[in-house]
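K.L.:
Got a file for you: protein-v9.tsv, TSV, C-alpha atoms and all ligand atoms.
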```tsv
chain	number	residue	atom	x	y	z
A	199	MET	CA	195.04	133.27	158.64
A	200	GLN	CA	197.12	134.36	161.60
A	201	ILE	CA	200.18	132.46	162.92
A	202	ILE	CA	200.89	133.27	166.55
A	203	GLN	CA	203.75	132.12	168.78
A	204	ASP	CA	203.07	134.11	171.90
A	205	ILE	CA	201.06	132.37	174.63
A	206	SER	CA	199.45	135.47	176.15
A	207	LEU	CA	198.44	136.76	172.71
A	208	VAL	CA	196.72	133.47	171.89
A	209	LYS	CA	195.07	133.45	175.30
A	210	SER	CA	193.49	136.86	174.84
A	211	LEU	CA	192.65	136.17	171.19
A	212	CYS	CA	190.81	132.96	172.11
A	213	ARG	CA	188.82	134.69	174.84
A	214	SER	CA	187.64	137.32	172.39
A	215	LEU	CA	186.87	134.70	169.68
A	216	LYS	CA	184.63	132.91	172.17
A	217	GLN	CA	182.35	135.92	172.19
A	218	GLU	CA	181.42	134.99	168.60
A	219	GLY	CA	180.39	131.44	169.61
A	220	SER	CA	182.03	128.09	170.27
A	221	LEU	CA	185.77	127.77	169.72
A	222	GLY	CA	187.11	124.64	168.01
A	223	PHE	CA	190.66	123.49	168.61
A	224	VAL	CA	192.86	120.94	166.84
A	225	PRO	CA	196.17	120.05	168.52
A	226	THR	CA	198.83	118.63	166.15
A	227	MET	CA	202.56	118.10	165.85
A	228	GLY	CA	202.50	119.42	162.28
A	229	TYR	CA	203.69	117.90	159.00
A	230	LEU	CA	200.03	117.79	158.19
A	231	HIS	CA	198.24	115.21	156.08
A	232	GLU	CA	194.60	114.55	155.20
A	233	GLY	CA	194.06	112.89	158.61
A	234	HIS	CA	194.88	116.14	160.42
A	235	LEU	CA	193.00	118.18	157.85
A	236	SER	CA	189.84	116.10	158.34
A	237	LEU	CA	189.82	117.23	161.99
A	238	VAL	CA	190.34	120.85	160.97
A	239	LYS	CA	187.57	120.68	158.37
A	240	GLN	CA	185.15	119.22	160.91
A	241	SER	CA	186.00	121.93	163.41
A	242	VAL	CA	185.60	124.67	160.80
A	243	LYS	CA	182.18	123.24	159.93
A	244	GLU	CA	181.02	123.05	163.56
A	245	ASN	CA	182.45	126.24	165.10
A	246	PRO	CA	182.60	129.90	164.04
A	247	ASN	CA	186.34	129.92	164.88
A	248	THR	CA	189.05	127.26	164.81
A	249	VAL	CA	192.53	127.35	166.29
A	250	VAL	CA	195.10	124.73	165.27
A	251	SER	CA	198.28	124.21	167.27
A	252	ILE	CA	201.50	122.93	165.76
A	253	PHE	CA	203.95	121.90	168.43
A	254	VAL	CA	206.36	118.96	168.44
A	255	ASN	CA	206.07	118.32	172.15
A	256	PRO	CA	209.45	117.23	173.53
A	257	SER	CA	208.02	115.77	176.73
A	258	GLN	CA	206.15	112.99	174.92
A	259	PHE	CA	209.28	111.63	173.23
A	260	GLY	CA	211.51	109.09	174.97
A	261	PRO	CA	215.30	109.57	175.01
A	262	ASN	CA	215.81	107.15	172.09
A	263	GLU	CA	212.86	108.36	170.03
A	264	ASP	CA	212.63	110.60	166.97
A	265	LEU	CA	212.21	114.11	168.48
A	266	ALA	CA	215.17	115.57	166.55
A	267	THR	CA	214.20	113.98	163.24
A	268	TYR	CA	210.41	114.37	163.51
A	269	PRO	CA	209.35	115.88	160.15
A	270	ARG	CA	208.57	119.60	160.16
A	271	ASP	CA	207.36	121.99	157.41
A	272	LEU	CA	205.55	124.99	158.85
A	273	GLU	CA	205.26	126.84	155.55
A	274	ARG	CA	203.51	123.95	153.84
A	275	ASP	CA	201.31	123.31	156.90
A	276	ALA	CA	200.24	126.95	156.98
A	277	GLY	CA	199.18	126.79	153.32
A	278	LEU	CA	197.10	123.66	153.92
A	279	LEU	CA	195.42	125.12	157.00
A	280	LYS	CA	194.56	128.30	155.15
A	281	GLU	CA	192.87	126.25	152.41
A	282	CYS	CA	190.79	124.46	155.08
A	283	GLY	CA	189.57	127.74	156.51
A	284	ALA	CA	191.36	127.58	159.88
A	285	GLY	CA	191.66	131.14	161.15
A	286	TYR	CA	194.50	130.80	163.62
A	287	VAL	CA	197.62	128.69	164.07
A	288	PHE	CA	199.38	128.57	167.41
A	289	THR	CA	203.07	127.62	167.16
A	290	PRO	CA	204.63	128.01	170.61
A	291	THR	CA	208.29	127.29	171.29
A	292	ALA	CA	209.46	124.52	173.62
A	293	GLN	CA	211.12	127.16	175.81
A	294	THR	CA	207.84	129.02	176.39
A	295	MET	CA	205.83	125.85	176.99
A	296	TYR	CA	208.47	124.37	179.33
A	297	PRO	CA	210.36	127.33	180.81
A	298	ASP	CA	213.08	126.85	183.39
A	299	GLY	CA	211.50	125.72	186.63
A	300	PHE	CA	208.58	123.91	184.95
A	301	ASP	CA	207.55	121.27	187.47
A	302	THR	CA	203.90	120.21	187.16
A	303	TRP	CA	202.77	117.14	185.26
A	304	VAL	CA	199.50	115.36	184.50
A	305	VAL	CA	200.10	111.65	185.04
A	306	PRO	CA	197.41	109.36	183.67
A	307	ASP	CA	197.35	106.10	185.57
A	308	LYS	CA	195.79	102.76	184.55
A	309	LEU	CA	194.84	103.72	181.00
A	310	ALA	CA	198.45	104.72	180.39
A	311	SER	CA	199.96	101.56	181.85
A	312	VAL	CA	199.00	99.33	178.90
A	313	LEU	CA	199.66	99.16	175.12
A	314	CYS	CA	201.78	102.16	174.00
A	315	GLY	CA	202.21	103.19	177.63
A	316	LYS	CA	204.23	100.03	178.23
A	317	SER	CA	206.60	100.50	175.33
A	318	ARG	CA	206.80	104.29	175.63
A	319	PRO	CA	207.12	105.05	179.36
A	320	GLY	CA	206.30	108.68	180.12
A	321	HIS	CA	204.73	109.25	176.69
A	322	PHE	CA	201.19	109.80	177.94
A	323	ARG	CA	202.38	111.96	180.81
A	324	GLY	CA	203.85	114.26	178.17
A	325	VAL	CA	200.69	114.08	176.04
A	326	ALA	CA	198.25	114.72	178.90
A	327	THR	CA	200.35	117.59	180.25
A	328	ILE	CA	200.66	119.41	176.93
A	329	VAL	CA	197.00	118.90	176.04
A	330	LEU	CA	195.82	120.24	179.40
A	331	LYS	CA	198.10	123.27	178.92
A	332	LEU	CA	196.70	123.82	175.41
A	333	ILE	CA	193.11	123.50	176.63
A	334	ASN	CA	193.85	126.05	179.34
A	335	ILE	CA	195.51	128.43	176.90
A	336	THR	CA	192.77	128.24	174.25
A	337	ALA	CA	189.78	127.66	176.55
A	338	ALA	CA	188.44	125.67	173.59
A	339	ASP	CA	184.86	124.40	173.73
A	340	HIS	CA	185.47	121.50	171.33
A	341	MET	CA	188.74	119.68	170.72
A	342	TYR	CA	188.99	117.45	167.63
A	343	MET	CA	191.13	114.30	167.84
A	344	GLY	CA	191.63	111.24	165.66
A	345	LEU	CA	190.63	107.68	166.48
A	346	LYS	CA	193.96	106.75	164.89
A	347	ASP	CA	195.51	107.39	168.33
A	348	TYR	CA	192.83	105.45	170.16
A	349	GLN	CA	194.63	105.10	173.50
A	350	GLN	CA	195.52	108.80	173.52
A	351	LEU	CA	191.91	109.69	172.82
A	352	ARG	CA	190.66	107.45	175.61
A	353	ILE	CA	193.18	108.85	178.11
A	354	LEU	CA	192.35	112.46	177.23
A	355	LYS	CA	188.60	111.87	177.40
A	356	GLN	CA	189.15	110.49	180.90
A	357	MET	CA	191.31	113.50	181.79
A	358	VAL	CA	188.51	115.86	180.73
A	359	ILE	CA	186.10	113.99	183.03
A	360	ASP	CA	188.51	113.58	185.94
A	361	LEU	CA	189.72	117.20	185.94
A	362	HIS	CA	186.29	118.74	185.24
A	363	LEU	CA	187.41	120.47	182.05
A	364	ASP	CA	184.85	122.44	180.06
A	365	CYS	CA	186.03	121.05	176.77
A	366	GLU	CA	184.29	118.37	174.76
A	367	ILE	CA	186.51	115.97	172.85
A	368	VAL	CA	185.17	115.12	169.41
A	369	ALA	CA	186.48	111.76	168.10
A	370	CYS	CA	187.07	111.71	164.33
A	371	PRO	CA	187.42	108.66	162.05
A	372	ILE	CA	190.78	107.32	160.87
A	373	VAL	CA	191.75	108.66	157.44
A	374	ARG	CA	193.61	106.12	155.30
A	375	GLU	CA	195.66	106.19	152.11
A	376	SER	CA	193.82	104.72	149.09
A	377	ASP	CA	195.38	101.30	149.79
A	378	GLY	CA	194.33	101.37	153.47
A	379	LEU	CA	197.48	102.45	155.34
A	380	ALA	CA	196.45	104.85	158.11
A	381	MET	CA	197.86	108.30	157.38
A	382	SER	CA	200.65	109.32	159.72
A	383	SER	CA	203.43	111.91	159.63
A	384	ARG	CA	205.78	109.01	160.40
A	385	ASN	CA	204.86	107.24	157.13
A	386	SER	CA	207.38	109.60	155.54
A	387	TYR	CA	210.16	107.58	157.24
A	388	LEU	CA	209.24	104.39	155.33
A	389	ASN	CA	211.32	103.33	152.32
A	390	PRO	CA	209.39	101.80	149.39
A	391	SER	CA	209.73	98.22	150.62
A	392	GLU	CA	208.75	99.11	154.21
A	393	ARG	CA	205.80	101.06	152.80
A	394	LYS	CA	204.59	97.85	151.13
A	395	GLN	CA	205.16	95.80	154.30
A	396	ALA	CA	203.24	98.34	156.37
A	397	LEU	CA	200.04	97.50	154.51
A	398	SER	CA	199.98	94.28	156.53
A	399	LEU	CA	198.68	96.37	159.46
A	400	TYR	CA	195.48	97.26	157.65
A	401	HIS	CA	195.15	93.81	156.12
A	402	GLY	CA	195.62	92.30	159.59
A	403	LEU	CA	192.82	94.45	161.00
A	404	LEU	CA	190.51	93.49	158.13
A	405	LYS	CA	191.38	89.83	158.68
A	406	ALA	CA	190.46	90.17	162.37
A	407	ARG	CA	187.10	91.60	161.36
A	408	GLU	CA	186.56	88.79	158.87
A	409	LEU	CA	187.34	86.14	161.51
A	410	PHE	CA	184.94	87.81	163.93
A	411	GLU	CA	182.29	87.95	161.21
A	412	GLN	CA	182.76	84.20	160.63
A	413	GLY	CA	182.04	83.55	164.29
A	414	GLU	CA	185.53	83.40	165.83
A	415	ARG	CA	185.38	84.73	169.41
A	416	ASP	CA	188.72	83.56	170.77
A	417	CYS	CA	191.01	86.60	170.89
A	418	GLY	CA	194.09	84.41	171.26
A	419	ARG	CA	193.37	82.73	167.93
A	420	ILE	CA	192.53	86.00	166.19
A	421	ILE	CA	195.77	87.56	167.45
A	422	GLU	CA	197.88	84.53	166.38
A	423	THR	CA	196.55	84.67	162.82
A	424	ILE	CA	197.28	88.37	162.46
A	425	LYS	CA	200.63	88.12	164.17
A	426	LYS	CA	201.76	85.53	161.66
A	427	SER	CA	200.65	87.52	158.62
A	428	ILE	CA	202.32	90.72	159.86
A	429	GLN	CA	205.54	88.90	160.74
A	430	ASP	CA	205.58	87.13	157.38
A	431	SER	CA	205.39	90.51	155.69
A	432	GLY	CA	208.50	91.70	157.57
A	433	GLY	CA	206.96	93.64	160.48
A	434	ARG	CA	208.42	93.40	164.00
A	435	ILE	CA	205.58	93.35	166.47
A	436	ASP	CA	205.55	95.61	169.52
A	437	TYR	CA	202.04	94.55	170.53
A	438	ILE	CA	198.85	93.12	169.11
A	439	GLU	CA	195.98	93.08	171.56
A	440	CYS	CA	192.22	92.80	171.69
A	441	VAL	CA	191.01	95.23	174.35
A	442	ASN	CA	187.89	96.54	176.02
A	443	PRO	CA	187.24	99.92	174.31
A	444	LEU	CA	186.82	101.74	177.62
A	445	SER	CA	189.23	100.12	180.08
A	446	LEU	CA	191.82	99.23	177.39
A	447	GLN	CA	192.39	95.97	179.28
A	448	SER	CA	193.01	92.83	177.23
A	449	VAL	CA	190.01	90.57	176.72
A	450	GLN	CA	189.91	86.87	175.87
A	451	GLU	CA	186.49	86.69	174.34
A	452	ALA	CA	185.79	88.98	171.41
A	453	GLU	CA	182.68	91.15	171.27
A	454	ALA	CA	181.50	93.55	168.57
A	455	ASP	CA	183.03	96.61	170.26
A	456	THR	CA	186.31	94.87	171.16
A	457	ARG	CA	189.14	97.03	169.83
A	458	MET	CA	192.02	95.42	167.99
A	459	MET	CA	195.15	97.45	168.76
A	460	LEU	CA	198.44	97.14	166.89
A	461	ALA	CA	201.92	98.64	167.16
A	462	VAL	CA	204.48	97.29	164.71
A	463	TYR	CA	207.97	98.28	163.54
A	464	PHE	CA	208.78	98.38	159.85
A	465	GLY	CA	212.52	98.95	159.77
A	466	LYS	CA	213.06	101.58	162.46
A	467	THR	CA	209.59	103.09	162.07
A	468	ARG	CA	206.96	102.21	164.64
A	469	LEU	CA	203.39	102.49	163.36
A	470	ILE	CA	200.11	102.10	165.22
A	471	ASP	CA	196.62	101.30	163.99
A	472	ASN	CA	193.35	100.01	165.44
A	473	MET	CA	189.81	98.97	164.56
A	474	ALA	CA	186.65	97.75	166.25
A	475	LEU	CA	186.01	94.08	165.47
A	476	LYS	CA	182.61	94.91	164.02
A	477	ALA	CA	182.16	97.67	161.45
A	501	LIG	P1	199.79	114.22	165.62
A	501	LIG	O1	200.22	115.36	164.76
A	501	LIG	O2	200.32	112.90	165.16
A	501	LIG	O3	200.00	114.49	167.09
A	501	LIG	O4	198.21	114.08	165.44
A	501	LIG	C1	197.36	115.16	165.72
A	501	LIG	C2	195.94	114.69	165.68
A	501	LIG	O5	195.64	114.16	164.38
A	501	LIG	C3	195.64	113.55	166.67
A	501	LIG	O6	194.35	113.78	167.24
A	501	LIG	C4	195.63	112.33	165.80
A	501	LIG	O7	194.84	111.28	166.30
A	501	LIG	C5	195.06	112.89	164.51
A	501	LIG	N1	195.41	112.02	163.39
A	501	LIG	C6	196.65	111.64	163.01
A	501	LIG	N2	196.58	110.79	161.97
A	501	LIG	C7	195.26	110.63	161.68
A	501	LIG	C8	194.54	109.87	160.72
A	501	LIG	N3	195.16	109.10	159.83
A	501	LIG	N4	193.19	109.95	160.73
A	501	LIG	C9	192.54	110.73	161.63
A	501	LIG	N5	193.17	111.47	162.56
A	501	LIG	C10	194.52	111.43	162.59
```
As structure tokens, please, write out the structure in this file.
Ligand code: AMP
P.N.:
Amino acid sequence: MQIIQDISLVKSLCRSLKQEGSLGFVPTMGYLHEGHLSLVKQSVKENPNTVVSIFVNPSQFGPNEDLATYPRDLERDAGLLKECGAGYVFTPTAQTMYPDGFDTWVVPDKLASVLCGKSRPGHFRGVATIVLKLINITAADHMYMGLKDYQQLRILKQMVIDLHLDCEIVACPIVRESDGLAMSSRNSYLNPSERKQALSLYHGLLKARELFEQGERDCGRIIETIKKSIQDSGGRIDYIECVNPLSLQSVQEAEADTRMMLAVYFGKTRLIDNMALKA
């Protein structure tokens, strides 16, 4: 497995890899867990070559967020990627991705004005910009992304359509710990009692499904029930919303494909999770 920092080297490498068939690409911020690795494994299965990027993208962090403390362990990540059969890891520096004079941004509009976009202004501008840059650098045919970051996935799928990119986004299921907590690099911030509290996210989503199954269609009532159980467990709610899976706009009446979206703080750690109301 090759680890490459240089942008022009990766560019020419990817163009020559594409002569062997489709190129799969998995963008990550590193500190890999089974959620990331599931994307890599799927790409390795579906493409003759897979490139994984590891880049903690400064432009998607707000001024009071965890850019400096975001967990990093390149050596361990490289070992895991090698085991999964990824051939190439791209690890650019912030200085090469955002050199002096950098001035061009991709600014998603309506889809980025709700949910995480409200509490993290500028976040999706940073995400869309870096992902477009990475797609341009790799010229990937297929890009693998997790449903864990549902809003991000939706915004990037729209970007691919709107900007006529020749890259298909493949959405991959959420990988959870054995007790149900969605895997996330940020779970490493949780102390043992916050880790227990954080399970209320998954339990809340299951409860929403159960209510829907029993015939409840009023999103307000579903949200109230879940809100209470998460708050009782010690979580501080950023948002809980039932949304249309395409527009991401809040809905009042629940349907099978309505997406329940959650962002909750446990201590200082903000976690997100989501689920469709019907399995
Ligand atoms: P990140 O390193 O957090 O930027 O995530 C990189 C990619 O991994 C994104 O497409 C995420 O949606 C995906 N991902 C993160 N956690 C999970 C998970 N638990 N299950 C599936 N995909 C995930």
K.L.:
Within 6 Å of ligand LIG 501 (chain A), counting only C-alpha atoms and all ligand atoms: which residues, as a count of residues only?
P.N.:
18
K.L.:
Between CA of Ser398 in chain A and CA of Arg384 in chain A, what distance in Å does the model show, to one decimal?
P.N.:
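Computing it gives 16.3 Å between the two atoms.
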K.L.:
Rank nothing, just name the residue among A:Asn472, A:Gln395, A:Thr248, A:Gln356 nearest to Met459 in chain A, using all atoms listed in the file.
P.N.:
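The closest residue to Met459 in chain A is A:Asn472.
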K.L.:
Kindly assemble as JSON lines a list of the range 348-464 of chain A residues that lie within 12 Å of range 307-330 of chain A, each paired with its nearest atom pair and their distance in Å to one decimal, using all atoms listed in the file, sorted first by chain and then by ascending residue number.
P.N.:
```
{"residue": "A:Tyr348", "atom": "CA", "partner": "A:Cys314", "partner_atom": "CA", "distance": 10.3}
{"residue": "A:Gln349", "atom": "CA", "partner": "A:Leu309", "partner_atom": "CA", "distance": 7.6}
{"residue": "A:Gln350", "atom": "CA", "partner": "A:Phe322", "partner_atom": "CA", "distance": 7.3}
{"residue": "A:Leu351", "atom": "CA", "partner": "A:Ala326", "partner_atom": "CA", "distance": 10.1}
{"residue": "A:Arg352", "atom": "CA", "partner": "A:Leu309", "partner_atom": "CA", "distance": 7.8}
{"residue": "A:Ile353", "atom": "CA", "partner": "A:Leu309", "partner_atom": "CA", "distance": 6.1}
{"residue": "A:Leu354", "atom": "CA", "partner": "A:Ala326", "partner_atom": "CA", "distance": 6.5}
{"residue": "A:Lys355", "atom": "CA", "partner": "A:Ala326", "partner_atom": "CA", "distance": 10.2}
{"residue": "A:Gln356", "atom": "CA", "partner": "A:Leu309", "partner_atom": "CA", "distance": 8.8}
{"residue": "A:Met357", "atom": "CA", "partner": "A:Ala326", "partner_atom": "CA", "distance": 7.6}
{"residue": "A:Val358", "atom": "CA", "partner": "A:Leu330", "partner_atom": "CA", "distance": 8.6}
{"residue": "A:Asp360", "atom": "CA", "partner": "A:Asp307", "partner_atom": "CA", "distance": 11.6}
{"residue": "A:Leu361", "atom": "CA", "partner": "A:Leu330", "partner_atom": "CA", "distance": 9.4}
{"residue": "A:His362", "atom": "CA", "partner": "A:Leu330", "partner_atom": "CA", "distance": 11.3}
{"residue": "A:Leu363", "atom": "CA", "partner": "A:Leu330", "partner_atom": "CA", "distance": 8.8}
{"residue": "A:Asp364", "atom": "CA", "partner": "A:Leu330", "partner_atom": "CA", "distance": 11.2}
{"residue": "A:Cys365", "atom": "CA", "partner": "A:Leu330", "partner_atom": "CA", "distance": 10.2}
{"residue": "A:Ile367", "atom": "CA", "partner": "A:Val329", "partner_atom": "CA", "distance": 11.3}
{"residue": "A:Ile435", "atom": "CA", "partner": "A:Ser317", "partner_atom": "CA", "distance": 11.4}
{"residue": "A:Asp436", "atom": "CA", "partner": "A:Ser317", "partner_atom": "CA", "distance": 7.7}
{"residue": "A:Tyr437", "atom": "CA", "partner": "A:Leu313", "partner_atom": "CA", "distance": 6.9}
{"residue": "A:Ile438", "atom": "CA", "partner": "A:Leu313", "partner_atom": "CA", "distance": 8.6}
{"residue": "A:Glu439", "atom": "CA", "partner": "A:Leu313", "partner_atom": "CA", "distance": 7.9}
{"residue": "A:Cys440", "atom": "CA", "partner": "A:Leu313", "partner_atom": "CA", "distance": 10.4}
{"residue": "A:Val441", "atom": "CA", "partner": "A:Leu313", "partner_atom": "CA", "distance": 9.5}
{"residue": "A:Asn442", "atom": "CA", "partner": "A:Leu309", "partner_atom": "CA", "distance": 11.2}
{"residue": "A:Pro443", "atom": "CA", "partner": "A:Leu309", "partner_atom": "CA", "distance": 10.8}
{"residue": "A:Leu444", "atom": "CA", "partner": "A:Leu309", "partner_atom": "CA", "distance": 8.9}
{"residue": "A:Ser445", "atom": "CA", "partner": "A:Leu309", "partner_atom": "CA", "distance": 6.7}
{"residue": "A:Leu446", "atom": "CA", "partner": "A:Leu309", "partner_atom": "CA", "distance": 6.5}
{"residue": "A:Gln447", "atom": "CA", "partner": "A:Val312", "partner_atom": "CA", "distance": 7.4}
{"residue": "A:Ser448", "atom": "CA", "partner": "A:Val312", "partner_atom": "CA", "distance": 9.0}
{"residue": "A:Arg457", "atom": "CA", "partner": "A:Leu313", "partner_atom": "CA", "distance": 12.0}
{"residue": "A:Met458", "atom": "CA", "partner": "A:Leu313", "partner_atom": "CA", "distance": 11.1}
{"residue": "A:Met459", "atom": "CA", "partner": "A:Leu313", "partner_atom": "CA", "distance": 8.0}
{"residue": "A:Leu460", "atom": "CA", "partner": "A:Leu313", "partner_atom": "CA", "distance": 8.6}
{"residue": "A:Ala461", "atom": "CA", "partner": "A:Cys314", "partner_atom": "CA", "distance": 7.7}
{"residue": "A:Val462", "atom": "CA", "partner": "A:Cys314", "partner_atom": "CA", "distance": 10.8}
```
K.L.:
What is the CA of Glu218 in chain A-CA of Pro290 in chain A distance in Å, reported with one decimal?
P.N.:
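Distance reported for this atom pair: 24.3 Å.
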K.L.:
For a cut-off of 10 Å around (210.8, 107.6, 158.1), file coordinates, pick out all residues using all atoms listed in the file and list them as a VMD selection string.
P.N.:
chain A and resid 264 267 to 269 383 to 389 392 to 393 464 to 468
K.L.:
Work out how far apart CA of Glu422 in chain A and CA of Leu403 in chain A are and give it in Å to one decimal.
P.N.:
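Spanning CA of Glu422 in chain A to CA of Leu403 in chain A is a straight-line distance of 12.4 Å.
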K.L.:
Restricting the calculation to all atoms listed in the file, which member of A:Leu409, A:Val249, A:Ile420, A:Ala284 is positioned closest to Ile335 in chain A?
P.N.:
A:Val249
K.L.:
Please write out, as lines of an AutoDock Vina configuration file, where the centre of an axis-aligned box around all listed atoms of range 381-395 of chain A lies and how long its edges are, in Å to one decimal, after adding 3 Å on each side.
P.N.:
```
center_x = 204.6
center_y = 103.9
center_z = 154.9
size_x = 19.5
size_y = 22.1
size_z = 17.0
```
